[in-house]
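Chemist: Hey, dropping model.csv in here, CSV, C-alpha atoms:
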```csv
chain,number,residue,atom,x,y,z
W,190,GLY,CA,79.1,-15.7,-86.1
W,191,ARG,CA,81.8,-14.3,-88.2
W,192,LYS,CA,85.2,-13.9,-86.5
W,193,PRO,CA,86.6,-10.3,-86.0
W,194,PRO,CA,89.4,-9.4,-88.4
W,195,GLU,CA,92.8,-10.3,-87.1
W,196,THR,CA,95.1,-8.3,-89.3
W,197,MET,CA,95.3,-4.7,-90.4
W,198,ASP,CA,94.9,-5.8,-94.0
W,199,GLU,CA,91.5,-7.3,-93.2
W,200,ILE,CA,90.4,-4.2,-91.4
W,201,MET,CA,91.4,-2.0,-94.3
W,202,LYS,CA,89.6,-4.3,-96.8
W,203,MET,CA,86.4,-4.0,-94.7
W,204,GLN,CA,86.6,-0.2,-94.5
W,205,GLY,CA,87.3,0.0,-98.2
W,206,LYS,CA,84.2,-2.1,-98.9
W,207,VAL,CA,82.0,0.1,-96.6
W,208,MET,CA,83.3,3.2,-98.3
W,209,GLY,CA,82.7,1.7,-101.7
W,210,GLN,CA,79.1,0.9,-100.9
W,211,GLY,CA,78.7,4.5,-99.6
W,212,ILE,CA,80.1,6.0,-102.8
W,213,GLU,CA,77.9,3.7,-104.8
W,214,MET,CA,74.9,4.8,-102.8
W,215,PHE,CA,75.7,8.5,-103.3
W,216,SER,CA,76.2,8.0,-107.0
W,217,TRP,CA,72.9,6.2,-107.3
W,218,PHE,CA,71.2,9.1,-105.5
W,219,LYS,CA,73.1,11.8,-107.4
W,220,ASP,CA,72.8,10.6,-111.0
W,221,PRO,CA,69.1,11.5,-111.6
W,222,TRP,CA,69.6,15.0,-110.3
W,223,THR,CA,72.8,15.4,-112.3
W,224,ILE,CA,70.9,14.5,-115.5
W,225,MET,CA,68.2,17.0,-114.5
W,226,MET,CA,70.7,19.8,-113.9
W,227,ARG,CA,72.5,18.9,-117.2
W,228,GLN,CA,69.3,19.3,-119.2
W,229,GLY,CA,68.0,22.2,-117.2
W,230,PRO,CA,69.8,25.1,-119.1
W,231,GLN,CA,68.4,23.8,-122.4
W,232,VAL,CA,64.9,23.8,-121.0
W,233,LEU,CA,65.3,27.3,-119.5
W,234,SER,CA,66.5,28.6,-122.9
W,235,LYS,CA,63.4,27.2,-124.6
W,236,ALA,CA,61.2,28.7,-121.9
W,237,ALA,CA,62.9,32.1,-122.3
W,238,THR,CA,61.9,32.1,-126.0
W,239,GLY,CA,58.2,31.6,-125.1
W,240,ASP,CA,58.0,27.9,-125.7
W,241,ILE,CA,55.3,26.8,-123.3
W,242,SER,CA,56.2,23.1,-123.7
W,243,ALA,CA,59.5,23.8,-122.0
W,244,VAL,CA,57.6,24.4,-118.7
W,245,ARG,CA,56.1,21.0,-118.7
W,246,GLU,CA,59.3,19.4,-119.8
W,247,GLY,CA,61.1,21.0,-116.9
W,248,PHE,CA,58.5,19.7,-114.4
W,249,SER,CA,58.7,16.3,-116.0
W,250,LEU,CA,62.5,16.2,-115.4
W,251,TRP,CA,62.0,17.2,-111.8
W,252,GLN,CA,59.3,14.5,-111.3
W,253,THR,CA,61.5,11.8,-112.8
W,254,ALA,CA,64.4,12.8,-110.4
W,255,ILE,CA,62.0,12.6,-107.4
W,256,ALA,CA,60.7,9.2,-108.4
W,257,ASP,CA,64.1,7.7,-109.0
W,258,THR,CA,65.6,8.9,-105.7
W,259,ILE,CA,63.3,9.9,-102.9
W,260,GLY,CA,60.5,7.7,-104.3
W,261,LYS,CA,62.7,4.6,-104.0
W,262,LEU,CA,63.9,5.5,-100.5
W,263,LEU,CA,60.3,5.6,-99.3
W,264,HIS,CA,59.8,2.0,-100.3
W,265,ILE,CA,62.7,0.7,-98.1
W,266,PRO,CA,61.1,-1.5,-95.4
W,267,SER,CA,61.4,-0.2,-91.8
W,268,LEU,CA,62.6,-2.4,-88.9
W,269,GLY,CA,62.6,-2.2,-85.1
W,270,TYR,CA,60.4,-0.9,-82.4
W,271,SER,CA,59.3,2.2,-84.4
W,272,ARG,CA,58.6,0.3,-87.6
W,273,GLU,CA,54.8,1.1,-87.6
W,274,TYR,CA,55.3,4.8,-87.0
W,275,GLU,CA,58.0,5.0,-89.7
W,276,GLU,CA,55.9,3.2,-92.2
W,277,ARG,CA,53.0,5.7,-91.6
W,278,GLN,CA,55.4,8.6,-92.0
W,279,LYS,CA,56.7,7.1,-95.3
W,280,GLU,CA,53.1,6.7,-96.6
W,281,VAL,CA,52.5,10.4,-95.7
W,282,MET,CA,55.7,11.5,-97.4
W,283,GLU,CA,55.0,9.4,-100.5
W,284,ALA,CA,51.5,10.8,-100.8
W,285,TYR,CA,52.9,14.3,-100.5
W,286,VAL,CA,55.5,13.6,-103.2
W,287,LYS,CA,52.8,12.3,-105.5
W,288,PHE,CA,50.6,15.3,-104.8
W,289,SER,CA,53.4,17.9,-105.2
W,290,THR,CA,54.6,16.3,-108.5
W,291,SER,CA,51.1,16.5,-110.0
W,292,LEU,CA,50.8,20.2,-109.3
W,293,PRO,CA,53.3,21.6,-111.8
W,294,ALA,CA,51.7,20.1,-114.9
W,295,PHE,CA,48.3,21.3,-113.6
W,296,TYR,CA,49.5,24.9,-113.0
W,297,GLY,CA,51.4,24.7,-116.3
W,298,GLU,CA,48.0,24.4,-118.1
W,299,PHE,CA,46.9,27.7,-116.5
W,300,TYR,CA,50.2,29.4,-117.4
W,301,GLN,CA,49.8,28.2,-121.0
W,302,ALA,CA,46.2,29.4,-121.2
W,303,GLY,CA,47.1,32.8,-119.7
W,304,SER,CA,49.9,33.3,-122.2
W,305,LYS,CA,47.6,32.3,-125.0
W,306,ALA,CA,44.9,34.7,-123.8
W,307,PHE,CA,47.4,37.6,-123.5
W,308,ASP,CA,48.7,37.0,-127.1
W,309,ARG,CA,45.1,37.0,-128.4
W,310,PHE,CA,44.3,40.1,-126.5
W,311,LEU,CA,47.3,42.0,-127.8
W,312,ASP,CA,46.4,41.0,-131.3
W,313,LYS,CA,42.7,42.1,-131.0
W,314,SER,CA,43.4,45.3,-129.1
W,315,LYS,CA,45.2,46.9,-132.0
W,316,ASP,CA,41.8,48.0,-133.4
W,317,ILE,CA,40.8,49.8,-130.2
W,318,PRO,CA,41.4,53.6,-130.3
W,319,THR,CA,43.9,54.9,-127.8
W,320,ASP,CA,42.3,58.3,-127.1
W,321,GLN,CA,42.0,57.5,-123.4
W,322,SER,CA,38.3,58.3,-123.4
W,323,PRO,CA,36.0,56.3,-121.0
W,324,GLU,CA,34.5,54.6,-124.0
W,325,SER,CA,37.8,53.3,-125.2
W,326,PHE,CA,38.7,52.0,-121.7
W,327,LYS,CA,35.3,50.2,-121.5
W,328,LYS,CA,36.0,48.5,-124.9
W,329,PHE,CA,39.5,47.7,-123.7
W,330,TYR,CA,38.2,46.0,-120.5
W,331,ALA,CA,35.4,44.2,-122.3
W,332,LEU,CA,37.8,42.8,-124.8
W,333,TRP,CA,40.2,41.7,-122.1
W,334,LEU,CA,37.4,40.0,-120.2
W,335,LYS,CA,35.9,38.3,-123.2
W,336,THR,CA,39.3,37.0,-124.4
W,337,ASN,CA,40.2,35.5,-121.0
W,338,GLU,CA,36.7,33.9,-120.6
W,339,ASP,CA,36.9,32.3,-124.1
W,340,THR,CA,40.4,31.0,-123.6
W,341,PHE,CA,39.8,29.5,-120.1
W,342,TYR,CA,36.5,28.1,-121.1
W,343,ASP,CA,38.2,26.2,-123.9
W,344,LEU,CA,40.7,25.0,-121.3
W,345,PHE,CA,38.1,23.9,-118.7
W,346,LYS,CA,36.0,21.9,-121.3
W,347,ARG,CA,39.0,19.8,-122.4
W,348,GLU,CA,38.9,16.2,-121.3
W,349,GLU,CA,42.7,16.2,-120.7
W,350,PHE,CA,42.3,19.1,-118.2
W,351,SER,CA,39.4,17.4,-116.4
W,352,ASN,CA,41.4,14.2,-116.0
W,353,MET,CA,44.4,16.2,-114.8
W,354,MET,CA,42.3,18.1,-112.2
W,355,ASN,CA,40.7,14.9,-111.1
W,356,GLU,CA,44.2,13.4,-110.5
W,357,VAL,CA,45.4,16.5,-108.5
W,358,MET,CA,42.2,16.3,-106.3
W,359,LYS,CA,42.6,12.6,-105.8
W,360,ARG,CA,46.2,12.8,-104.8
W,361,GLY,CA,45.6,15.9,-102.6
W,362,LEU,CA,42.7,14.2,-100.7
W,363,ASP,CA,44.8,11.0,-100.3
W,364,PHE,CA,47.6,13.0,-98.8
W,365,LYS,CA,45.3,14.8,-96.4
W,366,ARG,CA,43.6,11.5,-95.4
W,367,LYS,CA,47.0,9.9,-94.6
W,368,PHE,CA,48.3,13.0,-92.9
W,369,ASP,CA,45.2,13.3,-90.6
W,370,PHE,CA,45.4,9.6,-89.8
W,371,SER,CA,49.1,9.7,-88.9
W,372,THR,CA,48.6,12.8,-86.8
W,373,SER,CA,45.7,11.2,-85.0
W,374,LYS,CA,47.8,8.1,-84.2
W,375,TYR,CA,50.7,10.3,-83.0
W,376,LEU,CA,48.4,12.2,-80.6
W,377,GLU,CA,47.2,8.9,-79.1
W,378,SER,CA,50.6,8.7,-77.2
W,379,LEU,CA,50.1,12.2,-75.8
W,380,SER,CA,47.7,13.6,-73.3
W,381,ILE,CA,46.0,15.7,-76.1
W,382,PRO,CA,42.5,14.9,-77.4
W,383,ASN,CA,42.3,14.4,-81.1
W,384,ARG,CA,39.5,15.7,-83.4
W,385,GLU,CA,37.5,12.4,-83.2
W,386,GLU,CA,37.5,12.5,-79.4
W,387,MET,CA,36.5,16.2,-79.4
W,388,ASN,CA,33.7,15.5,-81.9
W,389,ASP,CA,32.4,12.8,-79.5
W,390,VAL,CA,32.4,15.4,-76.6
W,391,TYR,CA,30.6,18.0,-78.7
W,392,LYS,CA,28.0,15.4,-79.7
W,393,ALA,CA,27.5,14.4,-76.1
W,394,ILE,CA,27.0,18.0,-75.1
W,395,TYR,CA,24.6,18.6,-77.9
W,396,ASP,CA,22.5,15.6,-77.0
W,397,LEU,CA,22.6,16.6,-73.3
W,398,LYS,CA,21.3,20.1,-74.2
W,399,HIS,CA,18.6,18.6,-76.3
W,400,GLU,CA,17.5,16.3,-73.5
W,401,VAL,CA,17.5,19.2,-70.9
W,402,ARG,CA,15.3,21.3,-73.2
W,403,GLN,CA,12.9,18.4,-73.6
W,404,VAL,CA,12.8,17.7,-69.9
W,405,SER,CA,12.2,21.5,-69.2
W,406,LYS,CA,9.4,21.5,-71.7
W,407,ASN,CA,7.8,18.4,-70.1
W,408,VAL,CA,8.1,20.0,-66.6
W,409,GLN,CA,6.5,23.2,-67.9
W,410,ASP,CA,3.6,21.3,-69.5
W,411,LEU,CA,3.1,19.3,-66.2
W,412,LYS,CA,3.0,22.6,-64.2
W,413,GLU,CA,0.4,24.0,-66.6
W,414,ASN,CA,-1.7,20.9,-66.4
W,415,LEU,CA,-1.5,20.9,-62.5
W,416,GLY,CA,-2.5,24.6,-62.5
W,417,LYS,CA,-5.5,24.0,-64.7
W,418,SER,CA,-6.6,21.1,-62.5
W,419,ALA,CA,-6.3,23.3,-59.3
W,420,SER,CA,-8.3,26.1,-60.9
W,421,ASP,CA,-11.1,23.7,-61.9
W,422,GLY,CA,-11.4,22.5,-58.3
W,423,GLY,CA,-10.1,19.1,-59.0
W,424,LYS,CA,-12.9,18.3,-61.4
W,425,PRO,CA,-12.1,15.7,-63.9
```
Turn this file's structure into structure tokens for me.

Modeler:
Amino acid sequence: GRKPPETMDEIMKMQGKVMGQGIEMFSWFKDPWTIMMRQGPQVLSKAATGDISAVREGFSLWQTAIADTIGKLLHIPSLGYSREYEERQKEVMEAYVKFSTSLPAFYGEFYQAGSKAFDRFLDKSKDIPTDQSPESFKKFYALWLKTNEDTFYDLFKREEFSNMMNEVMKRGLDFKRKFDFSTSKYLESLSIPNREEMNDVYKAIYDLKHEVRQVSKNVQDLKENLGKSASDGGKP
């Protein structure tokens, strides 16, 4: 192997190298978030003026920062005795990150549709009299309901929204599947039954109850047949 450093100069060089690598690592992790924070005020200013696209732009910046930092850390291979456990945890975390980063754009569609419906409603409600009579309130509510129904119906029938919802559902189910599997594997090392084992117990109890009921029915039928035979005097 390599000989240990013999002089203070070599020790200082090694420490400087380690510190340099640490600073480089910190800079690599910090830069994507710095870019996001630098562009954040502009995005917030656009969102404050009612620009709906700024919401999706902000979520896109956040998603990019996640992918360039945490996303890369999750792909670092694990070593040692706990490698299998750590790999499963990374898979769960990666699935969660993918799921959580798909939600903002999905919710942004609802926010955009709600804002559009509200603007349409304000524009159409100008013709409704404001005499506070029951009839005017009824027209007011009917217009609000019809405007929201039409706006969200247009949203739900868009192919882009359907694909987005499919992606959210797929990532959510993938996260749940990996989380349940990881939890089940973790519980194997503890004296706690997991869901699969409890389901086997429940099934065994259900099958046993079914067999007991069937046996009881057969015994009852046998008793009735014996009683009939005795009352007939043993005649065939």

Chemist: Choose the residue, out of W:Thr372, W:Gln278, W:Gln231, W:Thr290, that has the smallest atom-to-atom separation from Arg360 of chain W; count only C-alpha atoms.

Modeler: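 Using only C-alpha atoms, the shortest distance to Arg360 of chain W belongs to W:Thr290.
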
Chemist: Please measure the separation of atom CA of Phe288 of chain W and atom CA of Tyr300 of chain W, giving the value in Å to one decimal.

Modeler: 18.9 Å

Chemist: Would you work out the distance separating atom CA of Gly303 of chain W from atom CA of Phe345 of chain W, expressed in Å to one decimal?

Modeler: 12.7 Å

Chemist: What is the distance, in Å and to one decimal place, between atom CA of Trp333 of chain W and atom CA of Phe310 of chain W?

Modeler: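 Separation of atom CA of Trp333 of chain W and atom CA of Phe310 of chain W: 6.2 Å.
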
Chemist: Of the candidates W:Lys367, W:Phe329, W:Arg402, W:Phe299, which one gets nearest to Ser314 of chain W if we count all atoms listed in the file?

Modeler: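 With all atoms listed in the file as the atom set, the closest residue is W:Phe329.
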
Chemist: Could you list, as a list in words, every residue within 12 Å of segment 382-391 of chain W, counting all atoms listed in the file and ignoring same-chain residues fewer than 4 positions away?

Modeler: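 Contacts, with the query itself left out: Asp369, Phe370, Ser371, Thr372, Ser373, Lys374, Tyr375, Leu376, Glu377, Ser378, Tyr395, Asp396, Leu397 and Lys398 of chain W.
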
Chemist: Determine the nearest neighbour of Tyr342 of chain W from the options W:Ala306, W:Glu356, W:Glu413, W:Val401, counting all atoms listed in the file.

Modeler: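 With all atoms listed in the file as the atom set, the closest residue is W:Ala306.
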